[in-house]
Protein chains: 2
Amino acid sequence: MQIDENLKVHTEMWKLSSHVVGLEASIIREILKISSKPGVINFAGGLPAPELFPIKNLPKCMADVVTNFGPKAFQYSLSMGVVELREEIAKRATALGTPTTKENILITSGAQQAIELIARAFIEPGDFILTENPTYLGALQAFNYYQARYTSAEMDNEGMIIDQVEQKIKEHNPKLIYTVSNFQNPTGITMSLKRREQLVELAIKYDIPIIDDNPYGDIRFEGKHLPTLKSIGGDEVIALRTFSKIISPGMRIGWMNSPVDILQHFEKVKQCTDLHSGTFVQYLIYEFLSQGMLEPHLKTVCVDYKRKRDVMLESMRKYFPKGVTWTEPQGGLCLWVELPKHLSAKELLPKAIELEVAYVYGQPFFPSGEGENTLRLNYCNAAPDKIEEGIKRLGQLFAESI
Amino acid sequence: MQIDENLKVHTEMWKLSSHVVGLEASIIREILKISSKPGVINFAGGLPAPELFPIKNLPKCMADVVTNFGPKAFQYSLSMGVVELREEIAKRATALGTPTTKENILITSGAQQAIELIARAFIEPGDFILTENPTYLGALQAFNYYQARYTSAEMDNEGMIIDQVEQKIKEHNPKLIYTVSNFQNPTGITMSLKRREQLVELAIKYDIPIIDDNPYGDIRFEGKHLPTLKSIGGDEVIALRTFSKIISPGMRIGWMNSPVDILQHFEKVKQCTDLHSGTFVQYLIYEFLSQGMLEPHLKTVCVDYKRKRDVMLESMRKYFPKGVTWTEPQGGLCLWVELPKHLSAKELLPKAIELEVAYVYGQPFFPSGEGENTLRLNYCNAAPDKIEEGIKRLGQLFAESI
C-alpha cells in the first residue's frame, strides 16, 4: 500500500474543536522560550531560583523512598493522592492554623491542574467568575476553555476593594470568587485581614465558593503571616496550594484543601484526566516533609528572595525615571510596574529583549484587556548583580521612551 | 466573625457543572479500592507486576539525573516535554520502523492524559467516535465528559471487522477512529496486518484520524511484532504510548507521536491543563533509555508475563466449566472471558470478592452497555501459584452458578 507523501495540513483537514482552535498559547510560556536564551536577564516567568532547589537533600529522600516504600512508589496509586503525603500536608496545615484532615486533601499536578479541575467542575458556558483586576493569567487561560466570563474588582494595597466585590456579585451572580490572596500574581499585593474577613462574609451571604489560589503564602520574608482565607472561611473556601515555588516546580505536585463532600467530584474529574499524580514524586515530597526539611529550606528561600527584592527595589529607585511606579511585595516572587499611561509595555518588550532583558507585559493579566502600560517583574530568578544590570537597562529604555 | 458550624452540603448548594455531577467514577478504580486488600488475589485493574519494576537500576539513574542535569531537572520545563527524552523516544521509534523526529513527540502524564488531550482537541457535543466493541473503559470515560457518542465495530480474532468499520463511517461520519491495536484492552485481541492496512485505507479515504492507543505494543511475548498503525499510516495516525506498563506507571509519563502541524494544538491544551509533565521523572526515564536499560528490562518482563499467562491459561483449561470461553493473547496484560449468556459477571463479582478473588466485569467496556456475561482478567499482577488458586476459585464459582 502506498501513502501519499505530500504534506497534509491536518489542522485544516481534521475538524478540531472550536474551543481549541481559538485557544491562545500562554504569552508567558512564549516569552519564556525567548528569554531562556543564555545571556538574557530573565525577569519573565514565575520561575523560582534554581540555585535554591534542595538538591543536596533530595538524593537522600530518593534513597529513602526506595528503601521505605519499594515498588509501591512506582505503581499506580489512588486519584486522591498518596495517603502519607495527604496526612503530612493536613498535619502542617493544622499546625499553621487551618484545621485539616487528609480527607480534605486532593493531590494535583501543580496548582495549575487544580485550577483546571475547579473550572471543569464548576463552569458552564457563560458563567461569571469574580476575579481581581488584574489576575493570574494561567487561571484565565484555564477558565477560558470553559467559556467563562469575568467580572473583576479593582485592588488597592489591601487587595480587592470590597464594595466593588458586592456590587459585582449583585450584578453578575458569579459562580466562583477567584483570588490570589497572598503576594498576588501579578501585582504582589496581599489581601489585608479585614478584607479577608469581609470577603468571607460576602461569600457566605451569597453562597459563592472562594477559590484561594495560594502558591506563595509560605514565602513571606517581611511582616507577619496573616490568617489564610481557608482558616477564616472554612468550608466556604477551596484553597489551592503547591510545592512548585517552595520545593520544585518540576515535580508537578500541588494540592487542594476542600470541603470533604465536594472533593469526590474533583476526584472523579482527576481520574478521567490523568488517573493520578506521580506516585514517586509524592513519596519524595513526603520524605522531604516528614524529615523536617521544609521549614529550614523555606528560611533559606525567604532570606535569598528578600535580598533580591531589595536589590530590585533599590535599583528601580536608582534607575527608573519619574512617572514609573511599582509595588513593594513582602513576599512571593514578583512585583508590578506601571509606566506612564501613554507607554505600551508590549511594544517595548522587543526592545528590551534586544537589550537582553525579559519581562512579561501586563495586559494579558486583565480579563478585559486594559493595562497596556503595565508589566510584571520576577526578582527571584536572576543573581543580584544581574538584577541591578537588568533594571538599569530597563530604566534607560523607559527613560528614552517617555 | 463567627462561621456557622453546621455542616453544609456543598454538592447541593454550590452549582457544579452538569457534566461533572453525572460523571461516574471508574469502576476499575472502585474495584481496585476493594481488591487491594491484603489476601485478595487480584485479577482486576491493569497493574503491571510490581516485583518487575527496575528498582535496582533506578537509583543509579536518579543519581545520574542529579549529576548530569542538576537544578534543570527540578525546574519548570516546556509543555512539549524535555528535549532529551523526546529525542530518545524518536530515535527508538525510528529504529523500530516508524520514522519519527522529536517534533512529532509531545510528552503527556500517562496515555490517559493523551486521550484526554485528544478528546478536548477534537470532540464537540454529539460527535461520533468509532471504537472497537468492547473498548478501553478509561477512553470512554474521558470522551464522555465531552459528550461524545459512539459507533462501534465488532471484533473477531483479527481485530475490528473492516466491513463494519466502513458501514459505521458512512452512517455516522465519526470524528475519530479510536483503537487499541495491540493486545487490546480489554480483550487481548491484536489487529492483523491486513486489517491495519485496510483501516488506514479507510482513514485516508474518509479523512478521519486514527488514534492508536498502544500501551502494550512492546510487551509481545509470543509471535512476531507487527508493523504499527503509525508505521503504516504515517500522518493519518496519532499514536499514544506510555512507559506505564514497561517501566513504571507511578511516573505518569506517556507520549503522543503525532503529525507536527497538529501538535501545536495539543501543546496549547497541555499548557492550560497542567503546564507540563514532571521534569525530574522525564530526565529519569531519559537516563534509563539512553543507558540501554529498557531492552533487557523488556525481555525480563516478557518472560515473566508469558509464564503467568501460561499458568492462567492452563488453570482455566483445568478449572473453568464447559460453556466458558476466553482469548489467548500473545502479549499485554489481560485476557477476556465469556460466560454462558445467562450469567452476569457483575452479579458474580461480590461472590468472587468473598472468595478473595477480584476481576473487572466487562459491561462498562461496551459503549452501548451489553456484555453482561463478560469479564477481564489481568494475569500479570499475581504470583503463579496465586493465579492457579484464583482461577480454581473462579472456576468453582462459575460451575456452581451455571
# chains A, B, ... in the order shown; residues from 1 in each chain; ligands from 1

$ interface_residues --of "chain B" --to "chain A" --cutoff "6 Å" --atoms "only C-alpha atoms" --output "number ranges by chain"
B: 11, 16-17, 20, 25, 50, 71, 74-76, 112-113, 116, 121-124, 142, 248-252, 262, 268, 272-274, 278-279

$ residues_around --residues "Lys322 (chain B)" --least-positions-apart "3" --cutoff "9 Å" --atoms "only C-alpha atoms" --output "list of chain:residue names"
B:Thr325, B:Pro340, B:Ala399

$ write_last_selection --atoms "N, CA and C atoms" --output "PDB file, in the first residue's frame"
ATOM      1  N   THR B 325     -15.642 -19.442  27.708  1.00  0.00           N
ATOM      2  CA  THR B 325     -14.573 -19.322  26.701  1.00  0.00           C
ATOM      3  C   THR B 325     -13.686 -18.134  27.030  1.00  0.00           C
ATOM      4  N   PRO B 340     -21.414 -18.272  29.979  1.00  0.00           N
ATOM      5  CA  PRO B 340     -22.678 -18.540  29.281  1.00  0.00           C
ATOM      6  C   PRO B 340     -23.584 -17.309  29.383  1.00  0.00           C
ATOM      7  N   ALA B 399     -18.986 -22.727  37.964  1.00  0.00           N
ATOM      8  CA  ALA B 399     -19.641 -24.035  37.852  1.00  0.00           C
ATOM      9  C   ALA B 399     -20.912 -24.084  38.698  1.00  0.00           C
TER      10      ALA B 399
END

$ residues_around --residues "region 386-388 of chain A" --least-positions-apart "6" --cutoff "10 Å" --atoms "only C-alpha atoms" --output "VMD selection string"
chain A and resid 40 to 43 308 to 309 311 to 316 318 to 319 357 378 to 380 394

$ select_by_dssp --residues "region 58-224 of chain A" --states "helix (DSSP H, G or I)" --output "MDAnalysis selection string"
chainID A and resid 58:74 83:95 102:104 110:122 137:145 162:172 193:206

$ write_last_selection --atoms "C-alpha atoms" --output "PDB file, in the first residue's frame"
ATOM      1  CA  LEU A  58      16.764  15.305  47.626  1.00  0.00           C
ATOM      2  CA  PRO A  59      19.092  12.360  46.812  1.00  0.00           C
ATOM      3  CA  LYS A  60      18.774  11.167  50.424  1.00  0.00           C
ATOM      4  CA  CYS A  61      14.984  11.475  50.178  1.00  0.00           C
ATOM      5  CA  MET A  62      15.023   9.491  46.915  1.00  0.00           C
ATOM      6  CA  ALA A  63      17.012   6.694  48.507  1.00  0.00           C
ATOM      7  CA  ASP A  64      14.627   6.705  51.466  1.00  0.00           C
ATOM      8  CA  VAL A  65      11.610   6.414  49.171  1.00  0.00           C
ATOM      9  CA  VAL A  66      13.105   3.325  47.533  1.00  0.00           C
ATOM     10  CA  THR A  67      14.009   1.815  50.919  1.00  0.00           C
ATOM     11  CA  ASN A  68      10.782   2.682  52.721  1.00  0.00           C
ATOM     12  CA  PHE A  69       8.205   2.139  50.000  1.00  0.00           C
ATOM     13  CA  GLY A  70       9.869  -0.057  47.367  1.00  0.00           C
ATOM     14  CA  PRO A  71       7.749  -0.999  44.335  1.00  0.00           C
ATOM     15  CA  LYS A  72       4.717   0.792  45.775  1.00  0.00           C
ATOM     16  CA  ALA A  73       6.422   4.102  44.934  1.00  0.00           C
ATOM     17  CA  PHE A  74       6.461   3.139  41.248  1.00  0.00           C
ATOM     18  CA  VAL A  83      -2.118   8.811  51.813  1.00  0.00           C
ATOM     19  CA  GLU A  84       1.199   9.507  53.569  1.00  0.00           C
ATOM     20  CA  LEU A  85       1.621  12.827  51.747  1.00  0.00           C
ATOM     21  CA  ARG A  86      -2.005  13.847  52.266  1.00  0.00           C
ATOM     22  CA  GLU A  87      -1.602  13.190  56.011  1.00  0.00           C
ATOM     23  CA  GLU A  88       1.619  15.179  56.162  1.00  0.00           C
ATOM     24  CA  ILE A  89       0.010  18.116  54.340  1.00  0.00           C
ATOM     25  CA  ALA A  90      -3.006  18.029  56.653  1.00  0.00           C
ATOM     26  CA  LYS A  91      -0.731  17.979  59.706  1.00  0.00           C
ATOM     27  CA  ARG A  92       1.193  21.027  58.528  1.00  0.00           C
ATOM     28  CA  ALA A  93      -1.974  22.966  57.588  1.00  0.00           C
ATOM     29  CA  THR A  94      -3.434  22.221  61.016  1.00  0.00           C
ATOM     30  CA  ALA A  95      -0.243  23.314  62.772  1.00  0.00           C
ATOM     31  CA  LYS A 102      -6.348  14.016  54.900  1.00  0.00           C
ATOM     32  CA  GLU A 103      -9.988  13.734  53.738  1.00  0.00           C
ATOM     33  CA  ASN A 104      -9.796  17.428  52.768  1.00  0.00           C
ATOM     34  CA  GLY A 110       0.680  21.529  40.309  1.00  0.00           C
ATOM     35  CA  ALA A 111      -1.805  24.247  41.243  1.00  0.00           C
ATOM     36  CA  GLN A 112      -2.464  24.777  37.527  1.00  0.00           C
ATOM     37  CA  GLN A 113      -4.219  21.415  37.411  1.00  0.00           C
ATOM     38  CA  ALA A 114      -6.226  22.319  40.496  1.00  0.00           C
ATOM     39  CA  ILE A 115      -7.482  25.409  38.659  1.00  0.00           C
ATOM     40  CA  GLU A 116      -8.311  23.220  35.668  1.00  0.00           C
ATOM     41  CA  LEU A 117     -10.252  20.739  37.856  1.00  0.00           C
ATOM     42  CA  ILE A 118     -12.138  23.576  39.534  1.00  0.00           C
ATOM     43  CA  ALA A 119     -13.010  25.073  36.152  1.00  0.00           C
ATOM     44  CA  ARG A 120     -14.226  21.744  34.880  1.00  0.00           C
ATOM     45  CA  ALA A 121     -16.254  21.013  37.974  1.00  0.00           C
ATOM     46  CA  PHE A 122     -17.968  24.393  38.136  1.00  0.00           C
ATOM     47  CA  LEU A 137      -3.043  34.671  33.516  1.00  0.00           C
ATOM     48  CA  GLY A 138      -2.899  30.867  33.775  1.00  0.00           C
ATOM     49  CA  ALA A 139      -6.230  30.854  35.590  1.00  0.00           C
ATOM     50  CA  LEU A 140      -7.828  32.939  32.849  1.00  0.00           C
ATOM     51  CA  GLN A 141      -6.401  30.543  30.303  1.00  0.00           C
ATOM     52  CA  ALA A 142      -7.859  27.513  32.112  1.00  0.00           C
ATOM     53  CA  PHE A 143     -11.236  29.214  32.668  1.00  0.00           C
ATOM     54  CA  ASN A 144     -11.415  30.466  29.050  1.00  0.00           C
ATOM     55  CA  TYR A 145     -11.609  26.944  27.698  1.00  0.00           C
ATOM     56  CA  ILE A 162     -14.876  45.027  48.893  1.00  0.00           C
ATOM     57  CA  ASP A 163     -17.629  47.436  47.868  1.00  0.00           C
ATOM     58  CA  GLN A 164     -16.875  46.549  44.267  1.00  0.00           C
ATOM     59  CA  VAL A 165     -16.988  42.847  45.113  1.00  0.00           C
ATOM     60  CA  GLU A 166     -20.531  43.065  46.471  1.00  0.00           C
ATOM     61  CA  GLN A 167     -21.659  45.249  43.601  1.00  0.00           C
ATOM     62  CA  LYS A 168     -20.248  42.812  41.029  1.00  0.00           C
ATOM     63  CA  ILE A 169     -21.851  39.868  42.826  1.00  0.00           C
ATOM     64  CA  LYS A 170     -25.226  41.578  42.657  1.00  0.00           C
ATOM     65  CA  GLU A 171     -24.763  42.439  39.003  1.00  0.00           C
ATOM     66  CA  HIS A 172     -23.446  39.123  37.699  1.00  0.00           C
ATOM     67  CA  LEU A 193      -7.006  40.646  57.318  1.00  0.00           C
ATOM     68  CA  LYS A 194     -10.039  42.913  57.341  1.00  0.00           C
ATOM     69  CA  ARG A 195     -10.642  42.358  53.649  1.00  0.00           C
ATOM     70  CA  ARG A 196     -10.278  38.587  54.098  1.00  0.00           C
ATOM     71  CA  GLU A 197     -12.986  38.637  56.741  1.00  0.00           C
ATOM     72  CA  GLN A 198     -15.212  40.811  54.594  1.00  0.00           C
ATOM     73  CA  LEU A 199     -14.734  38.605  51.547  1.00  0.00           C
ATOM     74  CA  VAL A 200     -15.677  35.504  53.529  1.00  0.00           C
ATOM     75  CA  GLU A 201     -18.783  37.265  54.845  1.00  0.00           C
ATOM     76  CA  LEU A 202     -19.846  38.057  51.296  1.00  0.00           C
ATOM     77  CA  ALA A 203     -19.137  34.500  50.163  1.00  0.00           C
ATOM     78  CA  ILE A 204     -21.392  33.201  52.942  1.00  0.00           C
ATOM     79  CA  LYS A 205     -24.064  35.795  52.333  1.00  0.00           C
ATOM     80  CA  TYR A 206     -24.306  34.991  48.629  1.00  0.00           C
TER      81      TYR A 206
END
